[in-house]
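J.: Sharing a structure with you now.
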Amino acid sequence: MIKNFFFLDLSLLKGDIRRFAFFLLLLIFAGYSNMGIYGVGLGLIPNLSYLATLPFSGGANGLDTLYNTLGISRAGVVRGRYVFALIFSVLLIAFFGVVGVGLAQVTNEEINYSIYIAILASNFLIAVLALCATLPVLFKFGYKKARFYTTIGPMLLLIMLLMLNNFFGGGTGSVLLMPADIEVFSLLLLGVAILLVSLPSSYFLSVYFYKKRDF
Amino acid sequence: MPEIKTALELKGVSKKYKNFSLDNISYKIPKGAIMGFVGSNGAGKTTTIKSILGLVAVDSGEITVFGEQILPSTIREKIGIVTDKSHYDESWTVADVEKYVSPFFPQWNKSKFDSYINRFEISKSKKVSELSAGMETKLMLAVALAHEANLLILDEPTATLDPMARDDLCNQLLEFVADGENSVLFSTHIVSDLEKISDYITFIMDGRIVFSKSKEDLLAENSSKDITTLEGIILEYYKEGRGH
């Protein structure tokens, strides 16, 4: 059932794939021009938030009703959307990782892999946390009503991080590249701990909201 | 095990909104019957149907399909839904609709779907956004029939159809119930469609059921008033209800 649902959601992205690819390249370029190879992962946050919330856009056309007629339970819809978002999170982080290494090869930039992985991991964590905050809002209000907040939220988060980055003077000691000073292993442990708390909380909140929604 | 004779039953279904309520809705559709569900716009037809489909959570009451409480799997396996506007993504082609929707239905009958698509003259390469309202209705009907639903629920499907397409749809419904195992709930405000095909009529006004009875009984009860058409009878009830 989840597999069918995943492919159904995936099919909804067809119309947006070109816009997404353009967005993706723009952010990779912007990140790279500002911070070199270590800035590449920055595009992950808005990209993931854009991509993972796209299936919700069908809500305006009655897609929630379609899921209902296909016998997908409310909890099943929520589960499917989280699985969808997580699979894309993993695919995007892998993509950014490879693009970064590719760019370094072209520009002959040397990569410190423990810093590079830590940066990608921290951006991945921020992106997933942004999703954990965004998805319950979408399940409660639907895409049409929640579009503004769910678009602006991750953007504000990114702007805030960039401002903090500038405030601390940029470079490897800054907020965005803070993982450079932390052991990769500690960072991963911290990430797992945060995910263990935020993901289930976000999921159960989404199920609670979605079960109460009338269409 | 006793034979189940009722396709759909609603007992005391209520739902309260700020400006509107469904109040104690009760009726049942016997197996093999077509029930016309009539009422003016805003009377509560769509809210009742949404309650049956679990799209709105009712405050109280009970809904059963073929004697069972409705679960998501019941909707998938036993109910086919046709509305005036499909819920398929507009970027999908008709072939995509089959591709993405059919895996959800264990009893999907591909040859039946293809035969209806051919019969309705719908091109599989056409996008949903390119289909006329009538074609969308027919596509939904093809999906509902191909997944071997036993209960068809139609919510204002004829509102956007031309007379010939409406006649065609009515014939399809008669064909569907011919074996006595399948049933139809047909919500509409075009009463003339029901004149030809319905066995039972349920009339709803301001969120309340005014009557739910067989067409024969309804016509017999009103014969003394010199009203011979279903449309005339319903109009009379409507005027009475409005205090004219």
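Here's how to read the names in the structure tokens: chain A, B, ... by the order shown, residue numbers from 1 in each chain, ligand numbers from 1 in the order shown.
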Please tabulate, as JSON lines, the residues of chain B that come within 10 Å of chain A, each with its closest pair of atoms and the distance in Å to one decimal, counting only C-alpha atoms and ordering rows by chain, then residue number upward.
T.:
```
{"residue": "B:Thr47", "atom": "CA", "partner": "A:Phe215", "partner_atom": "CA", "distance": 9.5}
{"residue": "B:Lys50", "atom": "CA", "partner": "A:Phe215", "partner_atom": "CA", "distance": 7.8}
{"residue": "B:Ser51", "atom": "CA", "partner": "A:Asp214", "partner_atom": "CA", "distance": 9.4}
{"residue": "B:Leu53", "atom": "CA", "partner": "A:Asn68", "partner_atom": "CA", "distance": 7.5}
{"residue": "B:Gly54", "atom": "CA", "partner": "A:Asn68", "partner_atom": "CA", "distance": 7.7}
{"residue": "B:Leu55", "atom": "CA", "partner": "A:Phe215", "partner_atom": "CA", "distance": 5.3}
{"residue": "B:Val56", "atom": "CA", "partner": "A:Asp214", "partner_atom": "CA", "distance": 4.4}
{"residue": "B:Ala57", "atom": "CA", "partner": "A:Asp214", "partner_atom": "CA", "distance": 6.6}
{"residue": "B:Val58", "atom": "CA", "partner": "A:Asp214", "partner_atom": "CA", "distance": 9.7}
{"residue": "B:Leu71", "atom": "CA", "partner": "A:Gly71", "partner_atom": "CA", "distance": 8.0}
{"residue": "B:Pro72", "atom": "CA", "partner": "A:Gly71", "partner_atom": "CA", "distance": 4.3}
{"residue": "B:Ser73", "atom": "CA", "partner": "A:Gly71", "partner_atom": "CA", "distance": 5.2}
{"residue": "B:Thr74", "atom": "CA", "partner": "A:Gly71", "partner_atom": "CA", "distance": 7.3}
{"residue": "B:Ile75", "atom": "CA", "partner": "A:Gly71", "partner_atom": "CA", "distance": 5.6}
{"residue": "B:Arg76", "atom": "CA", "partner": "A:Gly71", "partner_atom": "CA", "distance": 4.5}
{"residue": "B:Glu77", "atom": "CA", "partner": "A:Gly71", "partner_atom": "CA", "distance": 8.0}
{"residue": "B:Ile79", "atom": "CA", "partner": "A:Thr69", "partner_atom": "CA", "distance": 8.0}
{"residue": "B:Gly80", "atom": "CA", "partner": "A:Thr69", "partner_atom": "CA", "distance": 7.8}
{"residue": "B:Ile81", "atom": "CA", "partner": "A:Thr69", "partner_atom": "CA", "distance": 7.2}
{"residue": "B:Lys85", "atom": "CA", "partner": "A:Gly62", "partner_atom": "CA", "distance": 9.3}
{"residue": "B:Ser86", "atom": "CA", "partner": "A:Gly62", "partner_atom": "CA", "distance": 8.2}
{"residue": "B:His87", "atom": "CA", "partner": "A:Gly62", "partner_atom": "CA", "distance": 5.2}
{"residue": "B:Tyr88", "atom": "CA", "partner": "A:Leu63", "partner_atom": "CA", "distance": 6.9}
{"residue": "B:Asp89", "atom": "CA", "partner": "A:Gly58", "partner_atom": "CA", "distance": 6.9}
{"residue": "B:Glu90", "atom": "CA", "partner": "A:Asn61", "partner_atom": "CA", "distance": 8.4}
{"residue": "B:Ser91", "atom": "CA", "partner": "A:Gly15", "partner_atom": "CA", "distance": 6.8}
{"residue": "B:Trp92", "atom": "CA", "partner": "A:Ser11", "partner_atom": "CA", "distance": 8.1}
{"residue": "B:Asp96", "atom": "CA", "partner": "A:Ser11", "partner_atom": "CA", "distance": 8.7}
{"residue": "B:Val97", "atom": "CA", "partner": "A:Leu8", "partner_atom": "CA", "distance": 9.6}
{"residue": "B:Lys99", "atom": "CA", "partner": "A:Leu8", "partner_atom": "CA", "distance": 9.0}
{"residue": "B:Tyr100", "atom": "CA", "partner": "A:Leu8", "partner_atom": "CA", "distance": 5.6}
{"residue": "B:Val101", "atom": "CA", "partner": "A:Leu70", "partner_atom": "CA", "distance": 7.4}
{"residue": "B:Ser102", "atom": "CA", "partner": "A:Leu70", "partner_atom": "CA", "distance": 9.1}
{"residue": "B:Pro103", "atom": "CA", "partner": "A:Asn4", "partner_atom": "CA", "distance": 6.5}
{"residue": "B:Phe104", "atom": "CA", "partner": "A:Leu70", "partner_atom": "CA", "distance": 6.2}
{"residue": "B:Phe105", "atom": "CA", "partner": "A:Leu70", "partner_atom": "CA", "distance": 7.6}
{"residue": "B:Ala144", "atom": "CA", "partner": "A:Thr69", "partner_atom": "CA", "distance": 9.9}
```
J.: Selected residues, N, CA and C atoms, written as a compact mmCIF listing (two decimals), in the first residue's frame, please.
T.:
```txt
# COMPACT_ATOMS: atom_id res chain seq x y z
N THR B 47 -22.85 16.64 2.05
CA THR B 47 -22.33 16.38 3.41
C THR B 47 -22.69 14.96 3.83
N LYS B 50 -20.35 12.70 2.01
CA LYS B 50 -19.01 12.79 2.61
C LYS B 50 -18.96 12.03 3.94
N SER B 51 -20.07 12.04 4.66
CA SER B 51 -20.12 11.28 5.92
C SER B 51 -20.01 9.79 5.63
N LEU B 53 -18.54 8.42 3.15
CA LEU B 53 -17.19 8.11 2.67
C LEU B 53 -16.10 8.41 3.72
N GLY B 54 -16.51 8.90 4.86
CA GLY B 54 -15.52 9.20 5.90
C GLY B 54 -14.73 10.48 5.64
N LEU B 55 -15.23 11.30 4.74
CA LEU B 55 -14.52 12.57 4.46
C LEU B 55 -14.86 13.63 5.49
N VAL B 56 -15.97 13.46 6.17
CA VAL B 56 -16.23 14.29 7.35
C VAL B 56 -16.54 13.34 8.50
N ALA B 57 -16.08 13.72 9.67
CA ALA B 57 -16.31 12.88 10.85
C ALA B 57 -17.68 13.24 11.43
N VAL B 58 -18.58 12.26 11.52
CA VAL B 58 -19.91 12.57 12.05
C VAL B 58 -19.86 12.68 13.57
N LEU B 71 -14.92 0.93 6.77
CA LEU B 71 -13.48 1.10 7.01
C LEU B 71 -12.87 1.57 5.69
N PRO B 72 -11.63 2.08 5.73
CA PRO B 72 -11.01 2.47 4.45
C PRO B 72 -11.03 1.32 3.43
N SER B 73 -10.82 0.09 3.91
CA SER B 73 -10.82 -1.04 2.97
C SER B 73 -12.21 -1.28 2.37
N THR B 74 -13.27 -0.97 3.14
CA THR B 74 -14.63 -1.14 2.62
C THR B 74 -14.84 -0.19 1.45
N ILE B 75 -14.37 1.04 1.63
CA ILE B 75 -14.54 2.04 0.57
C ILE B 75 -13.82 1.58 -0.69
N ARG B 76 -12.59 1.07 -0.49
CA ARG B 76 -11.79 0.65 -1.63
C ARG B 76 -12.43 -0.53 -2.36
N GLU B 77 -12.90 -1.51 -1.59
CA GLU B 77 -13.36 -2.76 -2.20
C GLU B 77 -14.81 -2.73 -2.66
N ILE B 79 -17.10 0.26 -2.71
CA ILE B 79 -17.77 1.49 -3.14
C ILE B 79 -17.06 2.11 -4.34
N GLY B 80 -17.86 2.52 -5.31
CA GLY B 80 -17.33 3.28 -6.45
C GLY B 80 -17.92 4.68 -6.38
N ILE B 81 -17.09 5.67 -6.62
CA ILE B 81 -17.55 7.06 -6.45
C ILE B 81 -17.48 7.83 -7.77
N LYS B 85 -16.81 16.28 -10.80
CA LYS B 85 -15.42 16.67 -11.09
C LYS B 85 -14.52 15.60 -10.49
N SER B 86 -13.60 15.08 -11.31
CA SER B 86 -12.75 14.00 -10.80
C SER B 86 -11.68 14.55 -9.86
N HIS B 87 -11.11 13.66 -9.09
CA HIS B 87 -10.05 14.09 -8.17
C HIS B 87 -8.68 13.61 -8.66
N TYR B 88 -8.60 13.26 -9.91
CA TYR B 88 -7.33 12.83 -10.47
C TYR B 88 -6.48 14.06 -10.78
N ASP B 89 -5.19 13.90 -10.67
CA ASP B 89 -4.29 15.02 -10.94
C ASP B 89 -4.43 15.45 -12.40
N GLU B 90 -4.48 16.74 -12.60
CA GLU B 90 -4.75 17.24 -13.96
C GLU B 90 -3.62 16.96 -14.94
N SER B 91 -2.42 16.70 -14.41
CA SER B 91 -1.29 16.43 -15.32
C SER B 91 -1.30 14.96 -15.78
N TRP B 92 -2.12 14.13 -15.15
CA TRP B 92 -2.18 12.71 -15.53
C TRP B 92 -2.91 12.56 -16.86
N ASP B 96 -2.41 7.20 -17.22
CA ASP B 96 -1.81 7.39 -15.89
C ASP B 96 -2.83 7.09 -14.79
N VAL B 97 -4.06 7.51 -15.03
CA VAL B 97 -5.09 7.25 -14.02
C VAL B 97 -5.14 5.76 -13.74
N LYS B 99 -2.79 3.57 -14.39
CA LYS B 99 -1.49 3.12 -13.86
C LYS B 99 -1.37 3.37 -12.34
N TYR B 100 -1.79 4.56 -11.90
CA TYR B 100 -1.59 4.91 -10.50
C TYR B 100 -2.72 4.47 -9.57
N VAL B 101 -3.91 4.33 -10.15
CA VAL B 101 -5.05 4.02 -9.30
C VAL B 101 -5.29 2.51 -9.18
N SER B 102 -5.08 1.79 -10.28
CA SER B 102 -5.41 0.35 -10.28
C SER B 102 -4.66 -0.48 -9.22
N PRO B 103 -3.37 -0.17 -8.89
CA PRO B 103 -2.71 -1.04 -7.90
C PRO B 103 -3.38 -1.05 -6.53
N PHE B 104 -4.22 -0.04 -6.27
CA PHE B 104 -4.89 -0.01 -4.96
C PHE B 104 -6.05 -0.99 -4.89
N PHE B 105 -6.56 -1.41 -6.06
CA PHE B 105 -7.75 -2.26 -6.07
C PHE B 105 -7.38 -3.71 -6.37
N ALA B 144 -14.82 3.12 -11.39
CA ALA B 144 -15.69 2.51 -10.38
C ALA B 144 -16.15 1.12 -10.82
```
J.: Quick one: everything within 9 Å of Leu10 (chain B), counting only C-alpha atoms, minus sequence neighbours fewer than 4 positions away in the same chain. Send it as a VMD selection string.
T.: chain B and resid 25 to 28 52 61 to 64
J.: Measuring between only C-alpha atoms, which one of A:Arg18, A:Arg81, A:Lys140, A:Lys145 shows the shortest distance to Thr53 (chain A)?
T.: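 Closest candidate: A:Arg81.
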J.: I'd like the neighbourhood of Tyr200 (chain B) as an MDAnalysis selection string, where a residue qualifies if any of its atoms comes within 12 Å (using only C-alpha atoms), though same-chain residues fewer than 4 positions away should be ignored.
T.: chainID B and resid 27:38 183:187 194:196 211:219 230
J.: Which residues come within 8 Å of region 88-95 of chain A, counting only C-alpha atoms, excluding same-chain residues fewer than 3 positions away, as a ChimeraX atom specification?
T.: /A:41,44,48,51-52,84-85,98-99,120,124,128
J.: Those residues you just picked out, can you put them in a file as a PDB file, in the first residue's frame with all heavy atoms?
T.:
```pdb
ATOM      1  N   GLY A  41      25.956  22.247   0.356  1.00  0.00           N
ATOM      2  CA  GLY A  41      24.846  21.590   1.065  1.00  0.00           C
ATOM      3  C   GLY A  41      23.759  22.542   1.523  1.00  0.00           C
ATOM      4  O   GLY A  41      22.674  22.110   1.896  1.00  0.00           O
ATOM      5  N   LEU A  44      20.186  22.369   0.376  1.00  0.00           N
ATOM      6  CA  LEU A  44      19.386  21.224   0.799  1.00  0.00           C
ATOM      7  C   LEU A  44      18.120  21.647   1.530  1.00  0.00           C
ATOM      8  O   LEU A  44      17.046  21.084   1.304  1.00  0.00           O
ATOM      9  CB  LEU A  44      20.244  20.332   1.706  1.00  0.00           C
ATOM     10  CG  LEU A  44      19.597  19.048   2.194  1.00  0.00           C
ATOM     11  CD1 LEU A  44      19.429  18.086   1.041  1.00  0.00           C
ATOM     12  CD2 LEU A  44      20.440  18.414   3.280  1.00  0.00           C
ATOM     13  N   LEU A  48      14.611  20.680  -0.032  1.00  0.00           N
ATOM     14  CA  LEU A  48      13.901  19.565   0.583  1.00  0.00           C
ATOM     15  C   LEU A  48      12.521  20.008   1.022  1.00  0.00           C
ATOM     16  O   LEU A  48      11.533  19.302   0.833  1.00  0.00           O
ATOM     17  CB  LEU A  48      14.702  19.035   1.773  1.00  0.00           C
ATOM     18  CG  LEU A  48      14.151  17.774   2.408  1.00  0.00           C
ATOM     19  CD1 LEU A  48      13.963  16.686   1.380  1.00  0.00           C
ATOM     20  CD2 LEU A  48      15.053  17.301   3.510  1.00  0.00           C
ATOM     21  N   LEU A  51      10.428  20.268  -2.164  1.00  0.00           N
ATOM     22  CA  LEU A  51      10.134  18.980  -2.803  1.00  0.00           C
ATOM     23  C   LEU A  51       9.193  18.108  -1.952  1.00  0.00           C
ATOM     24  O   LEU A  51       8.227  17.543  -2.451  1.00  0.00           O
ATOM     25  CB  LEU A  51      11.448  18.233  -3.044  1.00  0.00           C
ATOM     26  CG  LEU A  51      11.345  16.963  -3.858  1.00  0.00           C
ATOM     27  CD1 LEU A  51      11.027  17.287  -5.299  1.00  0.00           C
ATOM     28  CD2 LEU A  51      12.655  16.190  -3.802  1.00  0.00           C
ATOM     29  N   ALA A  52       9.481  18.061  -0.671  1.00  0.00           N
ATOM     30  CA  ALA A  52       8.714  17.164   0.193  1.00  0.00           C
ATOM     31  C   ALA A  52       7.287  17.635   0.413  1.00  0.00           C
ATOM     32  O   ALA A  52       6.426  16.851   0.784  1.00  0.00           O
ATOM     33  CB  ALA A  52       9.418  17.006   1.532  1.00  0.00           C
ATOM     34  N   PHE A  84       7.883   9.431   2.125  1.00  0.00           N
ATOM     35  CA  PHE A  84       8.231  10.179   0.916  1.00  0.00           C
ATOM     36  C   PHE A  84       9.285  11.250   1.235  1.00  0.00           C
ATOM     37  O   PHE A  84      10.325  11.337   0.574  1.00  0.00           O
ATOM     38  CB  PHE A  84       6.952  10.842   0.384  1.00  0.00           C
ATOM     39  CG  PHE A  84       7.108  11.556  -0.916  1.00  0.00           C
ATOM     40  CD1 PHE A  84       6.886  10.894  -2.111  1.00  0.00           C
ATOM     41  CD2 PHE A  84       7.465  12.890  -0.958  1.00  0.00           C
ATOM     42  CE1 PHE A  84       7.021  11.548  -3.316  1.00  0.00           C
ATOM     43  CE2 PHE A  84       7.603  13.554  -2.159  1.00  0.00           C
ATOM     44  CZ  PHE A  84       7.383  12.879  -3.342  1.00  0.00           C
ATOM     45  N   ALA A  85       9.021  12.033   2.276  1.00  0.00           N
ATOM     46  CA  ALA A  85       9.940  13.123   2.645  1.00  0.00           C
ATOM     47  C   ALA A  85      11.303  12.567   3.066  1.00  0.00           C
ATOM     48  O   ALA A  85      12.349  13.102   2.679  1.00  0.00           O
ATOM     49  CB  ALA A  85       9.336  13.951   3.769  1.00  0.00           C
ATOM     50  N   VAL A  98      27.621  14.201  -3.716  1.00  0.00           N
ATOM     51  CA  VAL A  98      28.329  13.869  -4.963  1.00  0.00           C
ATOM     52  C   VAL A  98      28.651  15.139  -5.750  1.00  0.00           C
ATOM     53  O   VAL A  98      29.761  15.304  -6.275  1.00  0.00           O
ATOM     54  CB  VAL A  98      27.466  12.889  -5.811  1.00  0.00           C
ATOM     55  CG1 VAL A  98      28.058  12.692  -7.199  1.00  0.00           C
ATOM     56  CG2 VAL A  98      27.343  11.557  -5.091  1.00  0.00           C
ATOM     57  N   VAL A  99      27.674  16.085  -5.803  1.00  0.00           N
ATOM     58  CA  VAL A  99      27.903  17.338  -6.541  1.00  0.00           C
ATOM     59  C   VAL A  99      29.091  18.100  -5.944  1.00  0.00           C
ATOM     60  O   VAL A  99      29.959  18.616  -6.664  1.00  0.00           O
ATOM     61  CB  VAL A  99      26.629  18.228  -6.521  1.00  0.00           C
ATOM     62  CG1 VAL A  99      26.940  19.643  -6.988  1.00  0.00           C
ATOM     63  CG2 VAL A  99      25.556  17.631  -7.427  1.00  0.00           C
ATOM     64  N   LEU A 120      27.392  18.573   5.666  1.00  0.00           N
ATOM     65  CA  LEU A 120      26.219  17.996   4.984  1.00  0.00           C
ATOM     66  C   LEU A 120      25.246  17.423   6.010  1.00  0.00           C
ATOM     67  O   LEU A 120      24.034  17.622   5.914  1.00  0.00           O
ATOM     68  CB  LEU A 120      26.659  16.895   4.007  1.00  0.00           C
ATOM     69  CG  LEU A 120      27.276  17.359   2.693  1.00  0.00           C
ATOM     70  CD1 LEU A 120      27.660  16.150   1.842  1.00  0.00           C
ATOM     71  CD2 LEU A 120      26.332  18.251   1.900  1.00  0.00           C
ATOM     72  N   PHE A 124      21.497  18.572   6.653  1.00  0.00           N
ATOM     73  CA  PHE A 124      20.466  17.540   6.533  1.00  0.00           C
ATOM     74  C   PHE A 124      19.558  17.557   7.771  1.00  0.00           C
ATOM     75  O   PHE A 124      18.330  17.508   7.670  1.00  0.00           O
ATOM     76  CB  PHE A 124      21.158  16.175   6.383  1.00  0.00           C
ATOM     77  CG  PHE A 124      20.225  15.004   6.404  1.00  0.00           C
ATOM     78  CD1 PHE A 124      19.424  14.723   5.313  1.00  0.00           C
ATOM     79  CD2 PHE A 124      20.163  14.158   7.507  1.00  0.00           C
ATOM     80  CE1 PHE A 124      18.569  13.620   5.323  1.00  0.00           C
ATOM     81  CE2 PHE A 124      19.315  13.068   7.530  1.00  0.00           C
ATOM     82  CZ  PHE A 124      18.518  12.798   6.435  1.00  0.00           C
ATOM     83  N   VAL A 128      15.588  18.327   7.874  1.00  0.00           N
ATOM     84  CA  VAL A 128      14.593  17.389   8.395  1.00  0.00           C
ATOM     85  C   VAL A 128      13.814  18.023   9.551  1.00  0.00           C
ATOM     86  O   VAL A 128      12.599  17.832   9.685  1.00  0.00           O
ATOM     87  CB  VAL A 128      15.256  16.055   8.819  1.00  0.00           C
ATOM     88  CG1 VAL A 128      14.244  15.120   9.457  1.00  0.00           C
ATOM     89  CG2 VAL A 128      15.858  15.369   7.601  1.00  0.00           C
TER      90      VAL A 128
END
```
J.: One decimal, in Å: what's the spacing between CA of Pro136 (chain A) and CA of Ser206 (chain A)?
T.: 4.4 Å
J.: Might you pull out every residue within 6 Å of Ala146 (chain B), with only C-alpha atoms counted and same-chain residues fewer than 5 positions away left off, and present them as a VMD selection string?
T.: chain B and resid 108 to 109 112 to 113
J.: Just to be explicit: take each residue in the selection above, keep C-alpha atoms, and write the result as a PDB file, in the first residue's frame.
T.:
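Okay, this is what ended up in again-v3.pdb:
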```pdb
ATOM      1  CA  TRP B 108      -9.113  -4.419 -10.718  1.00  0.00           C
ATOM      2  CA  ASN B 109     -10.450  -5.700 -14.033  1.00  0.00           C
ATOM      3  CA  LYS B 112     -13.430  -4.114 -18.174  1.00  0.00           C
ATOM      4  CA  PHE B 113     -11.697  -0.731 -17.804  1.00  0.00           C
TER       5      PHE B 113
END
```
J.: CA of Ala159 (chain B) to CA of Asn24 (chain B): how many Å, to one decimal?
T.: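 Interatomic distance here is 27.2 Å.
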J.: May I have all residues of region 15-206 of chain B that DSSP, computed from the backbone, assigns to alpha helix (DSSP H), given as a PyMOL selection string?
T.: chain B and resi 45-52+72-78+94-101+110-119+133-146+163-177+191-197
J.: Let me make sure I understand: among B:Val210, B:Glu240, B:Asp59, B:Ile227, which one has the smallest atom-to-atom distance to Tyr17 (chain B) if we use only C-alpha atoms?
T.: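 For Tyr17 (chain B), the nearest of the candidates is B:Asp59.
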J.: Do you have the CA of Ile45 (chain A)-CA of Ala130 (chain A) distance handy?
T.: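 CA of Ala130 (chain A) lies at a distance of 7.7 Å from CA of Ile45 (chain A).
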J.: Show which residues sit within 10 Å of Ser132 (chain B), as a list in words. Count only C-alpha atoms, and ignore same-chain residues fewer than 5 positions away.
T.: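 Result of the neighbour search: Lys85, Thr137, Lys138, Thr160 and Leu161 of chain B.
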J.: Write the residues of the preceding selection, restricted to N, CA, C and O atoms, as a PDB file, in the first residue's frame.
T.:
```
ATOM      1  N   LYS B  85     -16.808  16.278 -10.798  1.00  0.00           N
ATOM      2  CA  LYS B  85     -15.417  16.673 -11.086  1.00  0.00           C
ATOM      3  C   LYS B  85     -14.515  15.599 -10.494  1.00  0.00           C
ATOM      4  O   LYS B  85     -14.650  15.261  -9.324  1.00  0.00           O
ATOM      5  N   THR B 137     -16.658  12.472 -15.844  1.00  0.00           N
ATOM      6  CA  THR B 137     -17.656  11.650 -15.157  1.00  0.00           C
ATOM      7  C   THR B 137     -17.586  10.212 -15.663  1.00  0.00           C
ATOM      8  O   THR B 137     -17.610   9.250 -14.886  1.00  0.00           O
ATOM      9  N   LYS B 138     -17.464  10.076 -16.985  1.00  0.00           N
ATOM     10  CA  LYS B 138     -17.402   8.738 -17.570  1.00  0.00           C
ATOM     11  C   LYS B 138     -16.121   8.001 -17.149  1.00  0.00           C
ATOM     12  O   LYS B 138     -16.138   6.792 -16.930  1.00  0.00           O
ATOM     13  N   THR B 160     -23.357  18.420 -15.212  1.00  0.00           N
ATOM     14  CA  THR B 160     -22.639  19.021 -16.339  1.00  0.00           C
ATOM     15  C   THR B 160     -22.783  18.199 -17.631  1.00  0.00           C
ATOM     16  O   THR B 160     -22.088  18.477 -18.603  1.00  0.00           O
ATOM     17  N   LEU B 161     -23.658  17.202 -17.602  1.00  0.00           N
ATOM     18  CA  LEU B 161     -23.781  16.341 -18.788  1.00  0.00           C
ATOM     19  C   LEU B 161     -24.897  16.826 -19.724  1.00  0.00           C
ATOM     20  O   LEU B 161     -25.913  17.355 -19.269  1.00  0.00           O
TER      21      LEU B 161
END
```
J.: With only C-alpha atoms as the basis for distance, which of B:Ala7, B:Met135, B:Val143, B:Met164 is at the shortest distance from Val177 (chain B)?
T.: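 Looking at the shortest contact to Val177 (chain B), the residue is B:Ala7.
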J.: Can you tell me, as JSON, numbers by chain, what residues are no more than 7 Å from Pro157 (chain B) when counting only C-alpha atoms, ignoring any on the same chain fewer than 4 positions away?
T.: {"B": [82, 83, 84, 137]}
